[in-house]
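So this block is final_14.txt, compact mmCIF, C-alpha atoms and all ligand atoms:
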```txt
# COMPACT_ATOMS: atom_id res chain seq x y z
CA MET K 18 -137.37 175.09 -43.86
CA ASN K 19 -134.51 174.56 -46.28
CA VAL K 20 -134.09 173.52 -49.90
CA ASP K 21 -131.01 171.66 -51.17
CA LEU K 22 -130.32 171.91 -54.92
CA GLY K 23 -127.15 169.83 -54.84
CA ASN K 24 -128.66 166.80 -56.55
CA ALA K 25 -129.85 168.87 -59.51
CA LEU K 26 -126.32 169.82 -60.56
CA GLU K 27 -124.66 167.77 -63.34
CA THR K 28 -127.72 165.52 -63.75
CA THR K 29 -129.83 164.82 -66.86
CA PRO K 30 -131.56 167.17 -67.24
CA GLY K 31 -129.44 169.21 -64.92
CA LEU K 32 -128.26 172.60 -63.77
CA THR K 33 -124.90 174.12 -62.99
CA GLU K 34 -124.02 176.71 -60.41
CA GLU K 35 -123.35 179.06 -63.32
CA THR K 36 -126.87 178.45 -64.62
CA LEU K 37 -128.29 179.32 -61.23
CA GLU K 38 -126.09 182.41 -60.94
CA ARG K 39 -127.28 183.63 -64.35
CA LEU K 40 -130.89 182.83 -63.45
CA ASP K 41 -130.61 184.82 -60.23
CA SER K 42 -130.79 188.14 -62.08
CA ARG K 43 -134.13 187.04 -63.53
CA VAL K 44 -135.21 185.97 -60.04
CA GLU K 45 -134.39 189.48 -58.81
CA ALA K 46 -136.60 191.04 -61.47
CA ALA K 47 -139.37 188.53 -60.81
CA HIS K 48 -139.16 189.22 -57.09
CA HIS K 49 -139.68 192.94 -57.71
CA ARG K 50 -142.74 192.13 -59.82
CA ILE K 51 -144.04 189.91 -57.01
CA ALA K 52 -143.28 192.51 -54.35
CA THR K 53 -145.13 195.16 -56.36
CA GLY K 54 -148.11 192.85 -56.79
CA MET K 55 -148.14 192.19 -53.06
CA ALA K 56 -147.80 195.87 -52.19
CA ASN K 57 -150.77 196.68 -54.41
CA ASP K 58 -152.76 193.62 -53.30
CA GLU K 59 -153.11 192.73 -56.98
CA PHE K 60 -155.23 189.75 -58.03
CA GLY K 61 -153.30 186.58 -57.26
CA TYR K 62 -150.32 188.29 -55.64
CA ALA K 63 -152.69 189.09 -52.75
CA ALA K 64 -152.34 185.42 -51.78
CA LEU K 65 -148.78 186.09 -50.67
CA ASN K 66 -150.09 188.68 -48.20
CA LEU K 67 -152.46 186.25 -46.47
CA PRO K 68 -150.22 185.60 -43.44
CA GLU K 69 -150.73 189.30 -42.65
CA THR K 70 -154.26 189.88 -44.01
CA THR K 71 -156.02 186.76 -42.69
CA ASP K 72 -157.84 187.55 -39.44
CA PRO K 73 -157.91 184.48 -37.20
CA GLU K 74 -160.47 186.18 -34.98
CA ALA K 75 -162.93 186.38 -37.90
CA ILE K 76 -162.51 182.65 -38.39
CA ARG K 77 -162.97 181.88 -34.72
CA ALA K 78 -166.01 184.16 -34.52
CA ALA K 79 -167.70 181.80 -36.96
CA THR K 80 -166.32 178.50 -35.67
CA ASP K 81 -166.34 178.93 -31.89
CA ARG K 82 -170.15 178.65 -31.79
CA PHE K 83 -169.79 174.97 -32.78
CA ASP K 84 -168.34 173.76 -29.51
CA ARG K 85 -165.82 170.99 -30.35
CA PRO K 86 -168.05 168.83 -32.62
CA GLU K 87 -167.36 165.13 -33.04
CA ALA K 88 -166.73 165.65 -36.75
CA VAL K 89 -166.37 168.30 -39.43
CA LEU K 90 -167.57 167.55 -42.94
CA THR K 91 -166.18 169.89 -45.58
CA VAL K 92 -168.17 170.08 -48.79
CA GLY K 93 -165.96 171.73 -51.39
CA ILE K 94 -163.61 170.86 -54.23
CA GLY K 95 -160.16 171.83 -55.49
CA GLY K 96 -158.67 174.72 -53.58
CA SER K 97 -161.83 174.93 -51.50
CA ALA K 98 -161.04 171.57 -49.92
CA LEU K 99 -157.38 170.63 -50.47
CA GLY K 100 -155.80 173.24 -48.21
CA ALA K 101 -157.97 172.35 -45.25
CA ALA K 102 -157.50 168.65 -46.01
CA THR K 103 -153.71 169.10 -46.06
CA LEU K 104 -153.77 170.63 -42.60
CA ALA K 105 -156.39 168.23 -41.22
CA ASN K 106 -154.56 165.15 -42.51
CA ALA K 107 -151.18 166.37 -41.28
CA LEU K 108 -152.21 167.25 -37.71
CA GLU K 109 -153.68 165.04 -35.01
CA SER K 110 -157.10 165.94 -33.57
CA ASP K 111 -159.93 164.21 -31.74
CA VAL K 112 -162.33 166.05 -34.05
CA ASP K 113 -162.61 163.91 -37.20
CA ALA K 114 -162.33 165.84 -40.47
CA HIS K 115 -164.02 164.46 -43.57
CA PHE K 116 -164.07 165.89 -47.08
CA LEU K 117 -166.65 165.52 -49.80
CA ASP K 118 -164.72 166.77 -52.83
CA ASN K 119 -166.18 164.42 -55.41
CA VAL K 120 -169.66 163.31 -56.48
CA ASP K 121 -169.14 159.56 -56.39
CA PRO K 122 -172.50 158.34 -55.04
CA ASP K 123 -171.06 155.24 -53.40
CA ALA K 124 -168.49 157.28 -51.49
CA VAL K 125 -171.00 159.98 -50.53
CA ASP K 126 -173.58 157.42 -49.33
CA ALA K 127 -170.97 155.47 -47.36
CA LEU K 128 -169.65 158.58 -45.63
CA LEU K 129 -173.09 159.94 -44.75
CA ALA K 130 -174.12 156.55 -43.36
CA ASP K 131 -171.18 156.66 -40.93
CA LEU K 132 -171.24 160.33 -39.87
CA PRO K 133 -172.82 161.35 -36.52
CA LEU K 134 -174.77 164.11 -38.29
CA GLU K 135 -176.22 165.41 -35.03
CA ASP K 136 -172.70 166.26 -33.89
CA THR K 137 -171.10 167.16 -37.21
CA VAL K 138 -170.40 170.64 -38.52
CA VAL K 139 -171.01 170.87 -42.25
CA ASN K 140 -168.49 173.32 -43.70
CA VAL K 141 -169.61 174.29 -47.22
CA VAL K 142 -166.88 176.10 -49.14
CA SER K 143 -167.07 177.60 -52.59
CA LYS K 144 -165.46 180.86 -53.72
CA SER K 145 -167.80 181.16 -56.70
CA GLY K 146 -170.80 179.60 -54.99
CA THR K 147 -171.69 177.93 -58.28
CA THR K 148 -169.52 174.80 -58.44
CA ALA K 149 -171.84 171.95 -59.42
CA GLU K 150 -170.11 169.25 -57.40
CA THR K 151 -170.12 171.30 -54.21
CA LEU K 152 -173.72 172.44 -54.49
CA ALA K 153 -174.98 168.99 -55.49
CA ASN K 154 -173.18 167.40 -52.55
CA PHE K 155 -174.50 170.07 -50.19
CA LEU K 156 -178.09 169.40 -51.27
CA VAL K 157 -177.55 165.67 -50.64
CA VAL K 158 -175.95 166.33 -47.24
CA ARG K 159 -178.71 168.74 -46.26
CA GLU K 160 -181.36 166.14 -47.04
CA ALA K 161 -179.44 163.51 -45.07
CA MET K 162 -179.39 165.87 -42.10
CA ALA K 163 -183.13 166.44 -42.42
CA ASP K 164 -183.72 162.69 -42.64
CA ALA K 165 -181.67 162.31 -39.45
CA GLY K 166 -183.81 164.90 -37.72
CA VAL K 167 -180.96 167.42 -37.60
CA ASP K 168 -181.69 171.12 -38.13
CA TRP K 169 -179.14 171.79 -40.87
CA THR K 170 -179.26 175.54 -40.25
CA GLU K 171 -177.82 174.89 -36.79
CA ARG K 172 -174.95 172.73 -38.08
CA THR K 173 -173.87 174.48 -41.27
CA LEU K 174 -171.03 176.96 -41.81
CA VAL K 175 -170.59 178.65 -45.19
CA THR K 176 -167.38 180.05 -46.67
CA THR K 177 -167.99 181.84 -49.95
CA GLY K 178 -167.71 185.01 -52.02
CA GLN K 179 -169.88 188.10 -51.72
CA ALA K 180 -172.33 186.83 -54.37
CA GLY K 181 -173.59 183.49 -55.66
CA ASN K 182 -175.88 180.71 -54.52
CA LEU K 183 -174.11 179.95 -51.25
CA ARG K 184 -174.10 183.59 -50.17
CA ALA K 185 -177.82 183.78 -50.95
CA LEU K 186 -178.41 180.59 -48.96
CA ALA K 187 -176.48 181.93 -45.98
CA ASP K 188 -178.39 185.21 -46.10
CA GLU K 189 -181.75 183.47 -46.44
CA HIS K 190 -181.18 181.15 -43.50
CA ASP K 191 -178.94 183.43 -41.44
CA LEU K 192 -176.12 180.89 -41.52
CA PRO K 193 -172.69 181.70 -40.09
CA ALA K 194 -170.78 182.81 -43.17
CA ILE K 195 -167.08 183.49 -43.60
CA ASP K 196 -165.85 185.60 -46.51
CA VAL K 197 -163.30 184.17 -48.90
CA PRO K 198 -160.43 186.63 -49.40
CA ASP K 199 -160.61 188.96 -52.39
CA GLY K 200 -158.17 188.39 -55.23
CA VAL K 201 -157.02 184.95 -54.10
CA PRO K 202 -157.51 181.95 -56.41
CA GLY K 203 -158.73 178.87 -54.53
CA ARG K 204 -155.47 176.96 -54.90
CA PHE K 205 -153.66 179.78 -53.10
CA SER K 206 -156.20 180.13 -50.28
CA VAL K 207 -155.01 177.66 -47.65
CA LEU K 208 -153.61 180.44 -45.41
CA SER K 209 -157.00 182.14 -45.35
CA THR K 210 -160.54 181.55 -44.07
CA VAL K 211 -160.85 178.86 -46.75
CA GLY K 212 -158.12 176.66 -45.35
CA LEU K 213 -158.20 177.57 -41.67
CA ALA K 214 -161.83 177.05 -40.60
CA VAL K 215 -161.40 173.27 -40.34
CA PRO K 216 -158.17 173.45 -38.27
CA ALA K 217 -159.92 176.00 -36.03
CA LEU K 218 -162.86 173.62 -35.53
CA GLN K 219 -160.37 170.84 -34.79
CA GLY K 220 -158.70 172.89 -32.07
CA HIS K 221 -155.44 173.52 -33.92
CA ASP K 222 -153.35 176.66 -33.51
CA ILE K 223 -154.27 178.59 -36.65
CA GLU K 224 -152.24 181.55 -35.42
CA ALA K 225 -149.16 179.27 -35.58
CA VAL K 226 -150.02 178.27 -39.15
CA LEU K 227 -150.14 181.96 -40.05
CA ALA K 228 -146.88 182.56 -38.16
CA GLY K 229 -145.27 179.91 -40.35
CA GLY K 230 -146.66 181.69 -43.39
CA ARG K 231 -145.05 184.88 -42.10
CA ASP K 232 -141.74 183.02 -41.77
CA GLY K 233 -142.03 182.23 -45.48
CA MET K 234 -143.11 185.77 -46.31
CA GLU K 235 -140.16 187.29 -44.44
CA SER K 236 -137.72 185.03 -46.30
CA LEU K 237 -138.65 186.49 -49.71
CA SER K 238 -135.65 188.32 -51.17
CA GLU K 239 -134.04 189.34 -54.47
CA SER K 240 -131.99 186.16 -54.62
CA LEU K 241 -132.73 182.45 -54.94
CA PHE K 242 -129.62 181.86 -52.85
CA GLU K 243 -131.30 183.55 -49.87
CA THR K 244 -134.89 182.33 -50.27
CA PRO K 245 -135.72 178.59 -50.14
CA ALA K 246 -139.02 179.16 -51.93
CA TYR K 247 -137.33 180.94 -54.79
CA ALA K 248 -134.58 178.32 -54.93
CA TYR K 249 -137.25 175.65 -55.39
CA GLY K 250 -139.25 177.70 -57.90
CA ALA K 251 -136.20 178.68 -59.96
CA ALA K 252 -134.71 175.18 -59.98
CA THR K 253 -137.97 173.49 -61.00
CA TYR K 254 -138.45 176.10 -63.74
CA ALA K 255 -134.90 175.73 -65.05
CA LEU K 256 -135.15 171.93 -65.00
CA ALA K 257 -138.45 172.10 -66.90
CA GLU K 258 -136.80 174.33 -69.47
CA ARG K 259 -134.23 171.55 -69.88
CA GLY K 260 -136.80 168.76 -70.24
CA ALA K 261 -137.93 167.83 -66.71
CA LEU K 262 -141.61 168.06 -67.57
CA THR K 263 -142.70 165.94 -64.61
CA ASN K 264 -142.13 166.85 -60.97
CA ALA K 265 -142.66 163.81 -58.75
CA VAL K 266 -143.45 165.15 -55.30
CA MET K 267 -142.50 162.50 -52.78
CA PRO K 268 -142.93 163.37 -49.12
CA TYR K 269 -141.39 160.93 -46.66
CA ALA K 270 -144.18 161.35 -44.14
CA GLU K 271 -147.69 159.88 -44.28
CA SER K 272 -148.91 163.10 -42.71
CA LEU K 273 -147.83 164.97 -45.87
CA GLU K 274 -149.53 162.71 -48.41
CA THR K 275 -152.42 165.13 -48.88
CA PHE K 276 -149.89 167.99 -49.18
CA ALA K 277 -148.76 166.32 -52.43
CA GLU K 278 -152.36 166.41 -53.66
CA TRP K 279 -152.64 170.10 -52.72
CA PHE K 280 -149.33 170.78 -54.48
CA ALA K 281 -150.60 169.02 -57.60
CA GLN K 282 -153.47 171.47 -58.00
CA LEU K 283 -151.28 174.46 -57.20
CA TRP K 284 -148.61 173.46 -59.73
CA ALA K 285 -150.85 172.14 -62.52
CA GLU K 286 -153.59 174.78 -62.44
CA SER K 287 -151.09 177.66 -62.10
CA LEU K 288 -148.38 176.63 -64.55
CA GLY K 289 -150.18 174.49 -67.16
CA LYS K 290 -150.71 177.27 -69.71
CA ASP K 291 -149.92 177.96 -73.40
CA GLY K 292 -148.46 174.52 -73.97
CA LEU K 293 -146.10 174.93 -71.00
CA GLY K 294 -146.05 173.51 -67.51
CA GLN K 295 -144.63 170.72 -65.37
CA THR K 296 -146.79 167.71 -64.49
CA PRO K 297 -146.95 167.13 -60.72
CA ALA K 298 -146.87 163.42 -59.94
CA ARG K 299 -147.98 162.41 -56.44
CA ALA K 300 -145.80 159.90 -54.68
CA LEU K 301 -145.09 158.87 -51.08
CA GLY K 302 -141.86 157.71 -49.46
CA ALA K 303 -140.96 155.02 -48.64
CA THR K 304 -144.00 153.30 -50.22
CA ASP K 305 -143.35 154.42 -53.80
CA GLN K 306 -139.79 153.11 -53.70
CA HIS K 307 -141.62 149.83 -54.25
CA SER K 308 -143.82 151.25 -56.98
CA GLN K 309 -142.85 154.30 -59.04
CA LEU K 310 -139.13 154.59 -58.27
CA GLN K 311 -138.26 152.15 -61.08
CA LEU K 312 -139.67 154.64 -63.61
CA TYR K 313 -138.14 157.68 -61.88
CA ARG K 314 -134.67 156.10 -61.92
CA ALA K 315 -134.66 154.15 -65.17
CA GLY K 316 -137.38 155.69 -67.30
CA PRO K 317 -137.16 158.64 -69.68
CA PRO K 318 -134.88 161.49 -68.50
CA ASP K 319 -137.86 163.85 -68.40
CA LYS K 320 -138.50 164.36 -64.70
CA LEU K 321 -137.26 165.61 -61.38
CA VAL K 322 -138.13 164.25 -57.95
CA SER K 323 -138.91 166.52 -55.00
CA LEU K 324 -138.03 164.71 -51.79
CA ILE K 325 -139.63 166.27 -48.73
CA ARG K 326 -139.17 165.30 -45.10
CA PRO K 327 -139.45 166.59 -41.56
CA THR K 328 -136.09 166.39 -39.77
CA GLU K 329 -137.84 165.59 -36.49
CA ARG K 330 -140.25 162.69 -36.22
CA SER K 331 -141.29 160.13 -33.58
CA ALA K 332 -138.88 157.23 -33.15
CA THR K 333 -140.80 153.95 -32.74
CA PRO K 334 -138.00 151.48 -31.94
CA ILE K 335 -137.62 148.28 -33.97
CA PRO K 336 -137.36 145.35 -31.54
CA GLU K 337 -134.20 143.25 -31.52
CA THR K 338 -134.52 140.03 -33.51
CA ASP K 339 -132.45 136.93 -34.19
CA LEU K 340 -134.25 136.33 -37.48
CA ASP K 341 -131.60 135.59 -40.08
CA GLY K 342 -130.67 138.64 -42.09
CA LEU K 343 -132.87 141.00 -40.08
CA ALA K 344 -130.76 141.46 -36.95
CA TYR K 345 -129.38 144.69 -38.41
CA LEU K 346 -132.82 146.28 -38.02
CA GLY K 347 -133.10 145.54 -34.33
CA GLY K 348 -132.20 148.42 -32.09
CA SER K 349 -132.85 150.99 -34.81
CA SER K 350 -136.12 152.86 -35.10
CA LEU K 351 -138.66 153.24 -37.87
CA ALA K 352 -137.54 156.86 -38.10
CA ASP K 353 -133.96 155.68 -38.65
CA LEU K 354 -135.18 153.32 -41.38
CA LEU K 355 -137.38 155.93 -43.09
CA ASP K 356 -134.58 158.50 -43.05
CA ALA K 357 -132.09 155.96 -44.36
CA GLU K 358 -134.48 155.17 -47.19
CA PHE K 359 -134.97 158.88 -47.93
CA GLU K 360 -131.21 159.40 -48.22
CA ALA K 361 -130.73 156.14 -50.14
CA THR K 362 -133.43 157.06 -52.65
CA GLU K 363 -131.93 160.52 -53.04
CA ALA K 364 -128.50 159.02 -53.70
CA SER K 365 -129.94 156.34 -55.98
CA LEU K 366 -131.55 158.98 -58.18
CA ALA K 367 -128.36 161.07 -58.21
CA ALA K 368 -126.28 158.04 -59.13
CA ALA K 369 -128.57 157.51 -62.11
CA GLY K 370 -128.28 161.19 -63.07
CA VAL K 371 -131.91 161.94 -62.17
CA PRO K 372 -132.30 165.47 -60.74
CA ASN K 373 -133.81 165.58 -57.27
CA LEU K 374 -134.42 168.44 -54.86
CA ARG K 375 -134.44 168.06 -51.07
CA VAL K 376 -136.98 170.07 -49.07
CA GLU K 377 -136.77 169.79 -45.30
CA ILE K 378 -139.03 171.19 -42.61
CA ASP K 379 -138.33 171.00 -38.88
CA ARG K 380 -141.37 168.88 -38.02
CA VAL K 381 -144.99 168.39 -39.09
CA ASP K 382 -146.64 170.99 -36.90
CA GLU K 383 -148.74 174.11 -37.51
CA ARG K 384 -145.85 176.52 -37.92
CA SER K 385 -143.75 174.33 -40.20
CA LEU K 386 -146.77 173.49 -42.32
CA GLY K 387 -147.61 177.17 -42.66
CA GLU K 388 -144.08 177.90 -43.86
CA LEU K 389 -144.04 174.95 -46.29
CA LEU K 390 -147.40 175.87 -47.81
CA TYR K 391 -146.42 179.52 -48.15
CA ALA K 392 -143.06 178.60 -49.65
CA MET K 393 -144.59 176.39 -52.30
CA GLU K 394 -147.07 179.13 -53.21
CA ALA K 395 -144.23 181.63 -53.54
CA ALA K 396 -142.20 179.09 -55.53
CA CYS K 397 -145.15 178.65 -57.87
CA VAL K 398 -145.60 182.39 -58.33
CA LEU K 399 -141.88 182.80 -59.08
CA TYR K 400 -141.96 179.91 -61.59
CA GLY K 401 -144.96 181.55 -63.26
CA GLU K 402 -143.09 184.87 -63.53
CA LEU K 403 -140.02 183.16 -65.03
CA ALA K 404 -142.21 181.19 -67.46
CA SER K 405 -144.29 184.28 -68.29
CA VAL K 406 -147.57 182.44 -67.84
CA SER K 407 -150.82 183.69 -66.31
CA THR K 408 -150.30 181.99 -62.95
CA PHE K 409 -153.56 182.97 -61.31
CA THR K 410 -156.17 181.99 -63.93
CA GLN K 411 -157.49 178.60 -65.03
CA PRO K 412 -159.45 179.09 -68.28
CA ALA K 413 -158.88 175.53 -69.49
CA VAL K 414 -161.16 174.07 -66.81
CA GLU K 415 -164.23 175.92 -68.04
CA TRP K 416 -164.88 173.88 -71.21
CA GLY K 417 -165.64 170.69 -69.30
CA LYS K 418 -167.80 172.51 -66.77
CA LYS K 419 -169.99 173.90 -69.56
CA ALA K 420 -170.22 170.51 -71.27
CA ALA K 421 -171.29 168.77 -68.06
CA ARG K 422 -173.81 171.48 -67.27
CA GLY K 423 -175.24 171.24 -70.76
CA LEU K 424 -175.55 167.47 -70.52
CA LEU K 425 -177.63 167.94 -67.36
CA GLY K 426 -179.88 170.50 -68.98
CA GLY K 427 -178.27 173.42 -67.17
CA GLY K 428 -178.04 175.54 -70.28
CA ASP K 429 -177.42 175.52 -74.00
CA PHE K 430 -173.67 174.94 -74.41
CA GLU K 431 -171.96 173.95 -77.66
CA GLU K 432 -169.48 172.06 -75.51
CA ALA K 433 -172.28 169.64 -74.57
CA ASP K 434 -173.10 169.16 -78.24
CA ALA K 435 -169.49 168.23 -78.87
CA VAL K 436 -169.80 165.37 -76.36
CA ALA K 437 -172.34 163.71 -78.64
CA ASP K 438 -169.82 163.84 -81.50
CA LYS K 439 -167.36 161.51 -79.72
CA ARG K 440 -165.50 159.23 -82.12
CA GLU K 441 -165.88 155.58 -81.12
CA LEU K 442 -163.58 152.60 -81.49
CA ARG K 443 -164.97 150.24 -78.84
CA ILE K 444 -163.55 146.85 -78.04
CA ASP K 445 -166.03 145.03 -75.84
CA GLY K 446 -164.98 142.59 -73.13
CA SER K 447 -167.03 139.65 -71.78
O1 LIG Q 501 -164.29 177.52 -54.71
P1 LIG Q 501 -165.04 177.22 -55.99
O2 LIG Q 501 -165.47 178.46 -56.69
O3 LIG Q 501 -166.15 176.26 -55.76
O4 LIG Q 501 -163.98 176.52 -56.99
C1 LIG Q 501 -163.45 175.28 -56.65
C2 LIG Q 501 -162.30 174.97 -57.56
O5 LIG Q 501 -162.72 174.92 -58.94
C3 LIG Q 501 -161.80 175.65 -59.74
O6 LIG Q 501 -162.34 176.94 -59.98
C4 LIG Q 501 -161.53 174.95 -61.06
O7 LIG Q 501 -162.74 174.62 -61.65
C5 LIG Q 501 -160.55 175.75 -58.90
O8 LIG Q 501 -159.68 176.77 -59.33
C6 LIG Q 501 -161.14 175.98 -57.54
O9 LIG Q 501 -160.22 175.74 -56.49
```
Go through the file and emit its structure as structure tokens.
Amino acid sequence: MNVDLGNALETTPGLTEETLERLDSRVEAAHHRIATGMANDEFGYAALNLPETTDPEAIRAATDRFDRPEAVLTVGIGGSALGAATLANALESDVDAHFLDNVDPDAVDALLADLPLEDTVVNVVSKSGTTAETLANFLVVREAMADAGVDWTERTLVTTGQAGNLRALADEHDLPAIDVPDGVPGRFSVLSTVGLAVPALQGHDIEAVLAGGRDGMESLSESLFETPAYAYGAATYALAERGALTNAVMPYAESLETFAEWFAQLWAESLGKDGLGQTPARALGATDQHSQLQLYRAGPPDKLVSLIRPTERSATPIPETDLDGLAYLGGSSLADLLDAEFEATEASLAAAGVPNLRVEIDRVDERSLGELLYAMEAACVLYGELASVSTFTQPAVEWGKKAARGLLGGGDFEEADAVADKRELRIDGS
């Protein structure tokens, strides 16, 4: 993996090599804080030890009993789903992976109607074991299994903490249960039991994913000039300090579209604190050149664009044609076209003075994905150290949870009362 900061120099907002040199002394201090946190397995920093502390055999001990199912349905939300979804949606498998990470009844009903429940493993994941969406969806899925004549206790795998409703359920029904790692917030848990059970069920090489994580771990150093993850974290931080309050993450690979969604939680939930943060916008190349690029290039100078691509991809030749004006495409490949568009978009943004960072991985495979995911986690931790925010907590999400629970009669919460006080200014349509 490599990171190229060249298109963030002399842009608006922009950096200089002197800025980065000065920042590197702060990166050194932040690295020592990170290294100490890792050495002591401190809350949050423990996530950066996962390539070493995750035991693939413990995962396989729980998943191997489900001999190559037709499908895996993960019931979880946020970090309990997005890591596994990133890996499942990036890698090919003949085991279909589905994710219920929302409580939209139409979507849930449609998915359950299509799933071969008799040959589906239901993978219920919740660190806390109390998340309303996850537990509600599980109850609905369990009833659908019963209605289909499927013994849910034979088709359900639980990944959860040592306490909580899911742990109690697993104990009561003797379900295969995998422990979530201690001290690791959900958004940092992809390189653990939380993110790797689905790839294991799909037959992917989870040891290679962890090896990629180790590649990222071994690259950590005292200098941003020697560590791609720190280069990315330091540059995004410094650009935010100069006004780039949006980070448009634009992978040029369909297989990395879900990665942008995973990144969005990691970046927003970790860094959005105390009035600070950098809004992750999800985009996809080349598609969003025909959608959001107009804003990125000609809108307010308040953003950076992260352009991500694999350097190796399949070719898919474009047939020769005598169609007027299109002959130039013939004989090239779709890969040639996509890479040309990547480089053209990069140059277009630079020409307009819009800072953009290039992140390249060798290919979209287990090891490269493991390194990319680890690197972005390390980049996020470094950014949080430089910004002096509490990277590993997410207190702001609790208000809404209490309000929703109160509205459903799940307790007496003043937040629910506040919902009733909503100011109205309605304009009614037809
Ligand atoms: O794994 P759990 O405890 O169900 O939490 C799911 C998600 O909800 C959050 O706690 C936010 O509400 C995320 O941080 C987490 O990834």
Contacts of segment 211-216 of chain K at 7 Å or less, counting all atoms listed in the file, minus same-chain residues fewer than 4 places along, as an MDAnalysis selection string? chainID K and resid 76 80 97 100:101 104:105 176 197 206:207 220:221 223
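By chain and then residue number, the residues within 9 Å of Asp136 of chain K are Pro86, Glu87, Ala88, Val89, Leu132 and Arg172 of chain K, counting only C-alpha atoms and disregarding those fewer than 4 positions away in sequence.
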Residues within 8 Å of ligand LIG 501 (chain Q) (only C-alpha atoms and all ligand atoms), as a short mmCIF file (atom, residue, chain, number, x, y, z; two decimals) with C-alpha atoms, in the coordinates of the input?
```
data_model
loop_
_atom_site.label_atom_id
_atom_site.label_comp_id
_atom_site.auth_asym_id
_atom_site.auth_seq_id
_atom_site.Cartn_x
_atom_site.Cartn_y
_atom_site.Cartn_z
CA GLY K 93 -165.96 171.73 -51.39
CA ILE K 94 -163.61 170.86 -54.23
CA GLY K 95 -160.16 171.83 -55.49
CA GLY K 96 -158.67 174.72 -53.58
CA SER K 97 -161.83 174.93 -51.50
CA ALA K 98 -161.04 171.57 -49.92
CA VAL K 142 -166.88 176.10 -49.14
CA SER K 143 -167.07 177.60 -52.59
CA LYS K 144 -165.46 180.86 -53.72
CA SER K 145 -167.80 181.16 -56.70
CA GLY K 146 -170.80 179.60 -54.99
CA THR K 147 -171.69 177.93 -58.28
CA THR K 148 -169.52 174.80 -58.44
CA THR K 151 -170.12 171.30 -54.21
CA THR K 177 -167.99 181.84 -49.95
CA PRO K 202 -157.51 181.95 -56.41
CA GLY K 203 -158.73 178.87 -54.53
CA ARG K 204 -155.47 176.96 -54.90
CA GLU K 286 -153.59 174.78 -62.44
CA THR K 410 -156.17 181.99 -63.93
CA GLN K 411 -157.49 178.60 -65.03
CA VAL K 414 -161.16 174.07 -66.81
CA GLU K 415 -164.23 175.92 -68.04
CA LYS K 418 -167.80 172.51 -66.77
#
```
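Counting from atom CA of Asn24 of chain K, the distance to atom CA of Thr304 of chain K is 21.4 Å.
Put simply, atom CA of Glu441 of chain K is 19.2 Å away from atom CA of Gly417 of chain K.
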My list of candidates is K:Leu312, K:Ala300, K:Leu22, K:Ala395. Which is closest to Leu37 of chain K when distances are computed with all atoms listed in the file? K:Leu22
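Considering the residues K:Leu174, K:Leu237, K:Leu425, K:Ala361 and counting all atoms listed in the file, Ala52 of chain K has its shortest atom-to-atom contact with K:Leu237.
The smallest atom-to-atom distance between Arg82 of chain K and any of K:Ser236, K:Thr173, K:Ser365, K:Ser447, using only C-alpha atoms, is found for K:Thr173.
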Identify, on the basis of all atoms listed in the file, every residue whose closest approach to segment 259-267 of chain K does not exceed 10 Å; exclude the query and any residue fewer than 5 positions from it along the same chain; express the result as a short mmCIF file (atom, residue, chain, number, x, y, z; two decimals) with C-alpha atoms, keeping the file's coordinate frame.
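Printed below is out04.cif as written:
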```cif
data_model
loop_
_atom_site.label_atom_id
_atom_site.label_comp_id
_atom_site.auth_asym_id
_atom_site.auth_seq_id
_atom_site.Cartn_x
_atom_site.Cartn_y
_atom_site.Cartn_z
CA THR K 29 -129.83 164.82 -66.86
CA PRO K 30 -131.56 167.17 -67.24
CA GLY K 31 -129.44 169.21 -64.92
CA LEU K 32 -128.26 172.60 -63.77
CA THR K 253 -137.97 173.49 -61.00
CA TYR K 254 -138.45 176.10 -63.74
CA LEU K 273 -147.83 164.97 -45.87
CA GLU K 274 -149.53 162.71 -48.41
CA PHE K 276 -149.89 167.99 -49.18
CA ALA K 277 -148.76 166.32 -52.43
CA GLU K 278 -152.36 166.41 -53.66
CA PHE K 280 -149.33 170.78 -54.48
CA ALA K 281 -150.60 169.02 -57.60
CA TRP K 284 -148.61 173.46 -59.73
CA LEU K 293 -146.10 174.93 -71.00
CA GLY K 294 -146.05 173.51 -67.51
CA GLN K 295 -144.63 170.72 -65.37
CA THR K 296 -146.79 167.71 -64.49
CA PRO K 297 -146.95 167.13 -60.72
CA ALA K 298 -146.87 163.42 -59.94
CA ARG K 299 -147.98 162.41 -56.44
CA ALA K 300 -145.80 159.90 -54.68
CA LEU K 301 -145.09 158.87 -51.08
CA GLY K 302 -141.86 157.71 -49.46
CA ALA K 303 -140.96 155.02 -48.64
CA THR K 304 -144.00 153.30 -50.22
CA ASP K 305 -143.35 154.42 -53.80
CA GLN K 306 -139.79 153.11 -53.70
CA GLN K 309 -142.85 154.30 -59.04
CA LEU K 310 -139.13 154.59 -58.27
CA TYR K 313 -138.14 157.68 -61.88
CA PRO K 317 -137.16 158.64 -69.68
CA PRO K 318 -134.88 161.49 -68.50
CA ASP K 319 -137.86 163.85 -68.40
CA LYS K 320 -138.50 164.36 -64.70
CA LEU K 321 -137.26 165.61 -61.38
CA VAL K 322 -138.13 164.25 -57.95
CA SER K 323 -138.91 166.52 -55.00
CA LEU K 324 -138.03 164.71 -51.79
CA ILE K 325 -139.63 166.27 -48.73
CA ARG K 326 -139.17 165.30 -45.10
CA PHE K 359 -134.97 158.88 -47.93
CA VAL K 371 -131.91 161.94 -62.17
CA PRO K 372 -132.30 165.47 -60.74
CA ASN K 373 -133.81 165.58 -57.27
CA LEU K 374 -134.42 168.44 -54.86
CA ARG K 375 -134.44 168.06 -51.07
#
```
